[in-house]
Amino acid sequence: MVIGGKETIDLEAGAAALKEWIVTQPHLPQNIHPLLLKRYIHSTKGDLEYAKKIFVLGYTIRQNNPIIFGDRDPQEEKIQRILKAIDMVPLPCIEGCSDKFVFYRLVDCDPDKFHFNDVIRTFFVIADSRMIQPDIPMTDGGDIPIFDMNGFTLRHLTKVILSTLRVYMRYTQEAHPVRLKAIHVINCTPFLDRVMYIVRPFMKKRVSEMLHFHLPNSESIYEHVPKDILPDEYGGKQSIAKHKADWFKRLELLRDYFTDDTRWKIDESRKAPVVNELAGTLRQLEID
């Protein structure tokens with residue numbers, strides 16, 4: 001529903017209905033964070049059936065890809081190493097803007113330290129952490145990631161694992177409970193065409209249309225996002241170091257959340273049997 005240009009969605013009622021449905025599916029994870037339930041309702045604009053669909057798809061993808069969605073203790077060495085080598089920093093909301101931004105860039109540009117499975121696993125740790133933060137509002141705005149390609153080389157590109165990339169692209173495009181609004185890539189490299197050659201086959205048309213590319217030393221990004229939302233070294237007012245330190249603390253507090261399998265695992269042995277009413281009717285007819 002849209003009233004006066006603003007959406008009106010009953011997140012409480014939608015989340016309660018989604019929770020009630022999950023209870024009828026005992027094979028699915030039952031211990032779902034209340035805020036995450038609301039994210040599913042918000043991201044689907046109140047469409048409960050769509051929320052159910054992406055919920056099942058998301059947890060099925062997780063179940064089938066433990067190399068990405070397993071071993072997610074935020075204090076685990078591999079995840080800590082990636083967090084230090086790559087900035088994956090959610091930025092705070094600013095007044096007058098309903099959109100939400102996450103900034104990504106290499107800190108350690110050594111390609112030998114760019115372990116793709118670990119990078120994607122860590123990406124989803126950050127992404128899942130955002131879903132349960134009360135200070136990240138559910139507004140009528142959208143999610144806008146900003147990727148800085150500075151330091152990214154052809155050797156980094158050779159580290160990309162296509163099977164992992166395929167899973168990443170499917171989950172983020174079809175199952176991630178956010179409203180993706182735009183994707184900005186800054187400091188684009190001369191070999192951007194090679195990057196897109198690898199990524200584009202996994203990209204849906206609607207997502208490819210959200211892409212915006214910005215050359216080094218270009219100010220074109222200011223035409224799309226508030227300047228104040230950017231890191232201070234890009235002309236904005238955000239301290240990446242400060243916000244990153246804050247997220248390290250948040251992740252420490254979420255260790256139990258990520259290591260609790262009741263929140264993430266599907267148990268097929270608990271799946272309710274499908275009742276085939278037609279088959280039952282036919283058997284009754286045969287007896288009669």
# chains A, B, ... in the order shown; residues from 1 in each chain; ligands from 1
call {"tool": "residues_around", "arguments": {"residues": "Ala175 in chain A", "least_positions_apart": "6", "cutoff": "8 Å", "atoms": "only C-alpha atoms", "output": "ChimeraX atom specification"}}
result
/A:54-55,57-58
call {"tool": "select_by_dssp", "arguments": {"residues": "range 33-235 of chain A", "states": "strand (DSSP E or B)", "output": "list in words"}}
result
Ile86, Asp87, Met88, Val89, Pro90, Lys100, Phe101, Val102, Phe103, Tyr104, Arg105, Leu106, Asp143, Ile144, Pro145, Ile146, Phe147, Asp148, Leu180, Ile183, His184, Val185, Ile186, Leu211, His212, Phe213 and Pro231 of chain A
call {"tool": "closest_atom_pairs", "arguments": {"of": "range 167-239 of chain A", "to": "range 132-150 of chain A", "cutoff": "10 Å", "atoms": "only C-alpha atoms", "output": "JSON lines"}}
result
{"residue": "A:Val178", "atom": "CA", "partner": "A:Asp143", "partner_atom": "CA", "distance": 6.7}
{"residue": "A:Arg179", "atom": "CA", "partner": "A:Gly142", "partner_atom": "CA", "distance": 5.0}
{"residue": "A:Leu180", "atom": "CA", "partner": "A:Asp143", "partner_atom": "CA", "distance": 4.7}
{"residue": "A:Lys181", "atom": "CA", "partner": "A:Gly142", "partner_atom": "CA", "distance": 4.9}
{"residue": "A:Ala182", "atom": "CA", "partner": "A:Ile144", "partner_atom": "CA", "distance": 5.1}
{"residue": "A:Ile183", "atom": "CA", "partner": "A:Pro145", "partner_atom": "CA", "distance": 5.4}
{"residue": "A:His184", "atom": "CA", "partner": "A:Ile146", "partner_atom": "CA", "distance": 4.8}
{"residue": "A:Val185", "atom": "CA", "partner": "A:Phe147", "partner_atom": "CA", "distance": 4.8}
{"residue": "A:Ile186", "atom": "CA", "partner": "A:Asp148", "partner_atom": "CA", "distance": 4.9}
{"residue": "A:Asn187", "atom": "CA", "partner": "A:Met149", "partner_atom": "CA", "distance": 5.4}
{"residue": "A:Cys188", "atom": "CA", "partner": "A:Met149", "partner_atom": "CA", "distance": 5.7}
{"residue": "A:Thr189", "atom": "CA", "partner": "A:Met149", "partner_atom": "CA", "distance": 6.8}
{"residue": "A:Leu192", "atom": "CA", "partner": "A:Met149", "partner_atom": "CA", "distance": 9.3}
{"residue": "A:Met210", "atom": "CA", "partner": "A:Ile144", "partner_atom": "CA", "distance": 9.6}
{"residue": "A:His212", "atom": "CA", "partner": "A:Ile146", "partner_atom": "CA", "distance": 9.6}
{"residue": "A:Phe213", "atom": "CA", "partner": "A:Phe147", "partner_atom": "CA", "distance": 9.7}
{"residue": "A:His214", "atom": "CA", "partner": "A:Asp148", "partner_atom": "CA", "distance": 9.5}
{"residue": "A:Leu215", "atom": "CA", "partner": "A:Met149", "partner_atom": "CA", "distance": 9.8}
{"residue": "A:Pro216", "atom": "CA", "partner": "A:Asn150", "partner_atom": "CA", "distance": 8.4}
{"residue": "A:Ile221", "atom": "CA", "partner": "A:Ile146", "partner_atom": "CA", "distance": 9.8}
{"residue": "A:Val225", "atom": "CA", "partner": "A:Ile144", "partner_atom": "CA", "distance": 9.1}
{"residue": "A:Leu230", "atom": "CA", "partner": "A:Ile146", "partner_atom": "CA", "distance": 9.2}
call {"tool": "select_by_dssp", "arguments": {"residues": "range 142-223 of chain A", "states": "alpha helix (DSSP H)", "output": "list in words"}}
result
Leu154, Arg155, His156, Leu157, Leu162, Ser163, Thr164, Leu165, Arg166, Val167, Tyr168, Met169, Arg170, Tyr171, Thr172, Gln173, Glu174, Leu192, Asp193, Arg194, Val195, Met196, Tyr197, Ile198, Val199, Lys205, Arg206, Val207 and Ser208 of chain A
call {"tool": "write_last_selection", "arguments": {"atoms": "N, CA, C and O atoms", "output": "mmCIF file, in the first residue's frame"}}
result
data_model
loop_
_atom_site.group_PDB
_atom_site.id
_atom_site.type_symbol
_atom_site.label_atom_id
_atom_site.label_comp_id
_atom_site.auth_asym_id
_atom_site.auth_seq_id
_atom_site.Cartn_x
_atom_site.Cartn_y
_atom_site.Cartn_z
ATOM 1 N N LEU A 154 44.292 -7.953 -12.022
ATOM 2 C CA LEU A 154 43.947 -9.155 -12.780
ATOM 3 C C LEU A 154 44.254 -10.424 -11.984
ATOM 4 O O LEU A 154 43.585 -11.445 -12.136
ATOM 5 N N ARG A 155 45.268 -10.368 -11.135
ATOM 6 C CA ARG A 155 45.571 -11.532 -10.301
ATOM 7 C C ARG A 155 44.459 -11.796 -9.306
ATOM 8 O O ARG A 155 44.155 -12.947 -8.989
ATOM 9 N N HIS A 156 43.831 -10.739 -8.799
ATOM 10 C CA HIS A 156 42.663 -10.935 -7.936
ATOM 11 C C HIS A 156 41.551 -11.629 -8.719
ATOM 12 O O HIS A 156 40.868 -12.521 -8.198
ATOM 13 N N LEU A 157 41.387 -11.217 -9.953
ATOM 14 C CA LEU A 157 40.321 -11.774 -10.781
ATOM 15 C C LEU A 157 40.502 -13.275 -10.988
ATOM 16 O O LEU A 157 39.526 -14.026 -11.052
ATOM 17 N N LEU A 162 34.142 -19.649 -9.789
ATOM 18 C CA LEU A 162 32.863 -19.454 -10.470
ATOM 19 C C LEU A 162 31.694 -20.107 -9.732
ATOM 20 O O LEU A 162 30.596 -19.543 -9.688
ATOM 21 N N SER A 163 31.902 -21.288 -9.171
ATOM 22 C CA SER A 163 30.801 -21.949 -8.452
ATOM 23 C C SER A 163 30.364 -21.121 -7.243
ATOM 24 O O SER A 163 29.165 -21.027 -6.937
ATOM 25 N N THR A 164 31.328 -20.512 -6.563
ATOM 26 C CA THR A 164 31.003 -19.659 -5.424
ATOM 27 C C THR A 164 30.346 -18.366 -5.891
ATOM 28 O O THR A 164 29.372 -17.899 -5.279
ATOM 29 N N LEU A 165 30.850 -17.806 -6.967
ATOM 30 C CA LEU A 165 30.260 -16.591 -7.515
ATOM 31 C C LEU A 165 28.800 -16.830 -7.901
ATOM 32 O O LEU A 165 27.931 -15.985 -7.655
ATOM 33 N N ARG A 166 28.532 -17.988 -8.490
ATOM 34 C CA ARG A 166 27.162 -18.318 -8.891
ATOM 35 C C ARG A 166 26.225 -18.340 -7.673
ATOM 36 O O ARG A 166 25.118 -17.795 -7.717
ATOM 37 N N VAL A 167 26.668 -18.958 -6.585
ATOM 38 C CA VAL A 167 25.858 -19.021 -5.369
ATOM 39 C C VAL A 167 25.658 -17.618 -4.793
ATOM 40 O O VAL A 167 24.537 -17.242 -4.407
ATOM 41 N N TYR A 168 26.726 -16.855 -4.740
ATOM 42 C CA TYR A 168 26.646 -15.481 -4.231
ATOM 43 C C TYR A 168 25.634 -14.658 -5.025
ATOM 44 O O TYR A 168 24.778 -13.974 -4.449
ATOM 45 N N MET A 169 25.713 -14.749 -6.338
ATOM 46 C CA MET A 169 24.834 -13.953 -7.190
ATOM 47 C C MET A 169 23.383 -14.408 -7.045
ATOM 48 O O MET A 169 22.464 -13.589 -7.023
ATOM 49 N N ARG A 170 23.170 -15.716 -6.938
ATOM 50 C CA ARG A 170 21.794 -16.187 -6.812
ATOM 51 C C ARG A 170 21.190 -15.738 -5.479
ATOM 52 O O ARG A 170 20.053 -15.259 -5.436
ATOM 53 N N TYR A 171 21.939 -15.906 -4.410
ATOM 54 C CA TYR A 171 21.383 -15.537 -3.104
ATOM 55 C C TYR A 171 21.106 -14.038 -3.042
ATOM 56 O O TYR A 171 20.023 -13.627 -2.612
ATOM 57 N N THR A 172 22.063 -13.215 -3.438
ATOM 58 C CA THR A 172 21.889 -11.774 -3.298
ATOM 59 C C THR A 172 20.797 -11.224 -4.209
ATOM 60 O O THR A 172 20.174 -10.203 -3.892
ATOM 61 N N GLN A 173 20.539 -11.904 -5.316
ATOM 62 C CA GLN A 173 19.523 -11.414 -6.246
ATOM 63 C C GLN A 173 18.134 -11.996 -6.003
ATOM 64 O O GLN A 173 17.130 -11.372 -6.327
ATOM 65 N N GLU A 174 18.068 -13.203 -5.415
ATOM 66 C CA GLU A 174 16.785 -13.890 -5.312
ATOM 67 C C GLU A 174 16.335 -14.176 -3.889
ATOM 68 O O GLU A 174 15.155 -14.488 -3.675
ATOM 69 N N LEU A 192 37.899 -3.536 -16.519
ATOM 70 C CA LEU A 192 36.531 -3.726 -16.039
ATOM 71 C C LEU A 192 35.735 -4.641 -16.959
ATOM 72 O O LEU A 192 34.892 -5.418 -16.499
ATOM 73 N N ASP A 193 36.020 -4.571 -18.261
ATOM 74 C CA ASP A 193 35.280 -5.418 -19.207
ATOM 75 C C ASP A 193 35.511 -6.901 -18.907
ATOM 76 O O ASP A 193 34.608 -7.726 -19.070
ATOM 77 N N ARG A 194 36.703 -7.253 -18.442
ATOM 78 C CA ARG A 194 36.985 -8.651 -18.102
ATOM 79 C C ARG A 194 36.238 -9.072 -16.839
ATOM 80 O O ARG A 194 35.772 -10.209 -16.732
ATOM 81 N N VAL A 195 36.143 -8.146 -15.895
ATOM 82 C CA VAL A 195 35.381 -8.427 -14.678
ATOM 83 C C VAL A 195 33.923 -8.689 -15.035
ATOM 84 O O VAL A 195 33.316 -9.677 -14.592
ATOM 85 N N MET A 196 33.368 -7.825 -15.863
ATOM 86 C CA MET A 196 31.955 -7.959 -16.221
ATOM 87 C C MET A 196 31.720 -9.194 -17.089
ATOM 88 O O MET A 196 30.629 -9.776 -17.056
ATOM 89 N N TYR A 197 32.711 -9.599 -17.840
ATOM 90 C CA TYR A 197 32.585 -10.805 -18.654
ATOM 91 C C TYR A 197 32.346 -12.030 -17.771
ATOM 92 O O TYR A 197 31.604 -12.950 -18.140
ATOM 93 N N ILE A 198 32.960 -12.016 -16.581
ATOM 94 C CA ILE A 198 32.801 -13.119 -15.637
ATOM 95 C C ILE A 198 31.496 -12.990 -14.853
ATOM 96 O O ILE A 198 30.787 -13.980 -14.630
ATOM 97 N N VAL A 199 31.157 -11.773 -14.452
ATOM 98 C CA VAL A 199 30.017 -11.565 -13.563
ATOM 99 C C VAL A 199 28.686 -11.542 -14.298
ATOM 100 O O VAL A 199 27.690 -12.099 -13.834
ATOM 101 N N LYS A 205 18.841 -9.056 -15.406
ATOM 102 C CA LYS A 205 18.750 -7.801 -16.159
ATOM 103 C C LYS A 205 18.408 -6.627 -15.252
ATOM 104 O O LYS A 205 19.004 -5.549 -15.348
ATOM 105 N N ARG A 206 17.468 -6.839 -14.335
ATOM 106 C CA ARG A 206 17.050 -5.738 -13.462
ATOM 107 C C ARG A 206 18.187 -5.269 -12.557
ATOM 108 O O ARG A 206 18.255 -4.090 -12.185
ATOM 109 N N VAL A 207 19.096 -6.190 -12.208
ATOM 110 C CA VAL A 207 20.230 -5.824 -11.372
ATOM 111 C C VAL A 207 21.311 -5.135 -12.208
ATOM 112 O O VAL A 207 21.900 -4.139 -11.772
ATOM 113 N N SER A 208 21.543 -5.634 -13.407
ATOM 114 C CA SER A 208 22.551 -4.999 -14.277
ATOM 115 C C SER A 208 22.174 -3.556 -14.577
ATOM 116 O O SER A 208 23.049 -2.695 -14.763
#
call {"tool": "atom_distance", "arguments": {"atom1": "CA of Glu223 in chain A", "atom2": "CA of Met131 in chain A"}}
result
28.0 Å
call {"tool": "closest_residue", "arguments": {"among": "A:Glu77, A:Glu12, A:Glu95, A:Glu49", "to": "Pro226 in chain A", "atoms": "only C-alpha atoms"}}
result
A:Glu95
call {"tool": "closest_atom_pairs", "arguments": {"of": "range 104-209 of chain A", "to": "range 239-251 of chain A", "cutoff": "9 Å", "atoms": "only C-alpha atoms", "output": "tab-separated table"}}
result
residue	atom	partner	partner_atom	distance
A:Val125	CA	A:Leu251	CA	8.5
A:Ile126	CA	A:Leu251	CA	8.2
A:Ser129	CA	A:Leu251	CA	7.3
call {"tool": "atom_distance", "arguments": {"atom1": "CA of His115 in chain A", "atom2": "CA of Phe103 in chain A"}}
result
19.3 Å
call {"tool": "closest_residue", "arguments": {"among": "A:Asp112, A:Asp118, A:Asp267, A:Glu209", "to": "Tyr59 in chain A", "atoms": "only C-alpha atoms"}}
result
A:Asp267
call {"tool": "closest_residue", "arguments": {"among": "A:Arg105, A:Lys271, A:Arg200, A:Lys84", "to": "Phe152 in chain A", "atoms": "only C-alpha atoms"}}
result
A:Arg105
call {"tool": "residues_around", "arguments": {"residues": "Ala272 in chain A", "least_positions_apart": "3", "cutoff": "9 Å", "atoms": "only C-alpha atoms", "output": "mmCIF file with N, CA and C atoms, in the first residue's frame"}}
result
data_model
loop_
_atom_site.group_PDB
_atom_site.id
_atom_site.type_symbol
_atom_site.label_atom_id
_atom_site.label_comp_id
_atom_site.auth_asym_id
_atom_site.auth_seq_id
_atom_site.Cartn_x
_atom_site.Cartn_y
_atom_site.Cartn_z
ATOM 1 N N THR A 24 4.692 -24.235 11.071
ATOM 2 C CA THR A 24 4.053 -25.365 10.370
ATOM 3 C C THR A 24 5.030 -26.101 9.464
ATOM 4 N N GLN A 25 6.258 -25.598 9.376
ATOM 5 C CA GLN A 25 7.300 -26.220 8.555
ATOM 6 C C GLN A 25 8.452 -26.630 9.467
ATOM 7 N N PRO A 26 8.294 -27.727 10.225
ATOM 8 C CA PRO A 26 9.259 -28.062 11.290
ATOM 9 C C PRO A 26 10.665 -28.358 10.798
ATOM 10 N N HIS A 27 10.830 -28.606 9.503
ATOM 11 C CA HIS A 27 12.172 -28.868 8.984
ATOM 12 C C HIS A 27 12.983 -27.583 8.817
ATOM 13 N N GLU A 268 15.850 -32.043 7.161
ATOM 14 C CA GLU A 268 14.907 -32.710 6.265
ATOM 15 C C GLU A 268 14.163 -33.860 6.948
ATOM 16 N N SER A 269 14.756 -34.447 7.982
ATOM 17 C CA SER A 269 14.090 -35.564 8.675
ATOM 18 C C SER A 269 12.820 -35.111 9.401
ATOM 19 N N VAL A 275 0.669 -34.812 1.900
ATOM 20 C CA VAL A 275 -0.541 -35.630 1.828
ATOM 21 C C VAL A 275 -1.080 -35.587 0.402
#
call {"tool": "atom_distance", "arguments": {"atom1": "CA of Pro90 in chain A", "atom2": "CA of Tyr104 in chain A"}}
result
8.8 Å
call {"tool": "closest_residue", "arguments": {"among": "A:Pro34, A:Gly151, A:Pro66, A:Pro273", "to": "Ile86 in chain A", "atoms": "only C-alpha atoms"}}
result
A:Gly151
call {"tool": "residues_around", "arguments": {"residues": "Lys19 in chain A", "least_positions_apart": "3", "cutoff": "12 Å", "atoms": "only C-alpha atoms", "output": "MDAnalysis selection string"}}
result
chainID A and resid 11:16 22:26 28:38 40:41 48 51:52 55
call {"tool": "residues_around", "arguments": {"residues": "Asp71 in chain A", "least_positions_apart": "5", "cutoff": "9 Å", "atoms": "only C-alpha atoms", "output": "mmCIF file with all heavy atoms, in the first residue's frame"}}
result
data_model
loop_
_atom_site.group_PDB
_atom_site.id
_atom_site.type_symbol
_atom_site.label_atom_id
_atom_site.label_comp_id
_atom_site.auth_asym_id
_atom_site.auth_seq_id
_atom_site.Cartn_x
_atom_site.Cartn_y
_atom_site.Cartn_z
ATOM 1 N N PRO A 66 27.681 -25.287 2.316
ATOM 2 C CA PRO A 66 28.378 -25.069 3.587
ATOM 3 C C PRO A 66 29.752 -24.429 3.420
ATOM 4 O O PRO A 66 30.264 -23.833 4.370
ATOM 5 C CB PRO A 66 28.486 -26.480 4.172
ATOM 6 C CG PRO A 66 28.388 -27.403 2.989
ATOM 7 C CD PRO A 66 27.436 -26.720 2.049
ATOM 8 N N GLU A 76 36.569 -16.578 14.179
ATOM 9 C CA GLU A 76 37.410 -17.577 13.508
ATOM 10 C C GLU A 76 38.493 -16.878 12.694
ATOM 11 O O GLU A 76 38.273 -15.812 12.105
ATOM 12 C CB GLU A 76 36.518 -18.455 12.629
ATOM 13 C CG GLU A 76 37.175 -19.711 12.124
ATOM 14 C CD GLU A 76 37.738 -19.516 10.713
ATOM 15 O OE1 GLU A 76 37.261 -18.621 10.012
ATOM 16 O OE2 GLU A 76 38.650 -20.260 10.347
ATOM 17 N N ARG A 121 32.182 -15.791 2.338
ATOM 18 C CA ARG A 121 31.671 -16.191 3.646
ATOM 19 C C ARG A 121 31.597 -14.970 4.570
ATOM 20 O O ARG A 121 30.601 -14.752 5.273
ATOM 21 C CB ARG A 121 32.558 -17.266 4.265
ATOM 22 C CG ARG A 121 32.043 -17.744 5.632
ATOM 23 C CD ARG A 121 33.015 -18.681 6.341
ATOM 24 N NE ARG A 121 33.264 -19.877 5.568
ATOM 25 C CZ ARG A 121 34.419 -20.156 4.963
ATOM 26 N NH1 ARG A 121 35.436 -19.295 5.062
ATOM 27 N NH2 ARG A 121 34.576 -21.271 4.281
ATOM 28 N N PHE A 258 25.725 -16.572 15.370
ATOM 29 C CA PHE A 258 26.196 -17.232 14.152
ATOM 30 C C PHE A 258 26.541 -18.706 14.363
ATOM 31 O O PHE A 258 26.513 -19.478 13.407
ATOM 32 C CB PHE A 258 27.409 -16.490 13.587
ATOM 33 C CG PHE A 258 27.039 -15.263 12.812
ATOM 34 C CD1 PHE A 258 27.217 -14.002 13.354
ATOM 35 C CD2 PHE A 258 26.493 -15.355 11.546
ATOM 36 C CE1 PHE A 258 26.864 -12.866 12.642
ATOM 37 C CE2 PHE A 258 26.143 -14.240 10.827
ATOM 38 C CZ PHE A 258 26.322 -12.976 11.385
ATOM 39 N N THR A 259 26.863 -19.086 15.566
ATOM 40 C CA THR A 259 27.250 -20.481 15.816
ATOM 41 C C THR A 259 26.079 -21.339 16.291
ATOM 42 O O THR A 259 26.253 -22.528 16.538
ATOM 43 C CB THR A 259 28.390 -20.545 16.852
ATOM 44 O OG1 THR A 259 27.989 -19.878 18.050
ATOM 45 C CG2 THR A 259 29.644 -19.871 16.309
#
call {"tool": "closest_residue", "arguments": {"among": "A:Lys100, A:Lys159, A:Asp87, A:Gln75", "to": "Phe116 in chain A", "atoms": "only C-alpha atoms"}}
result
A:Lys159
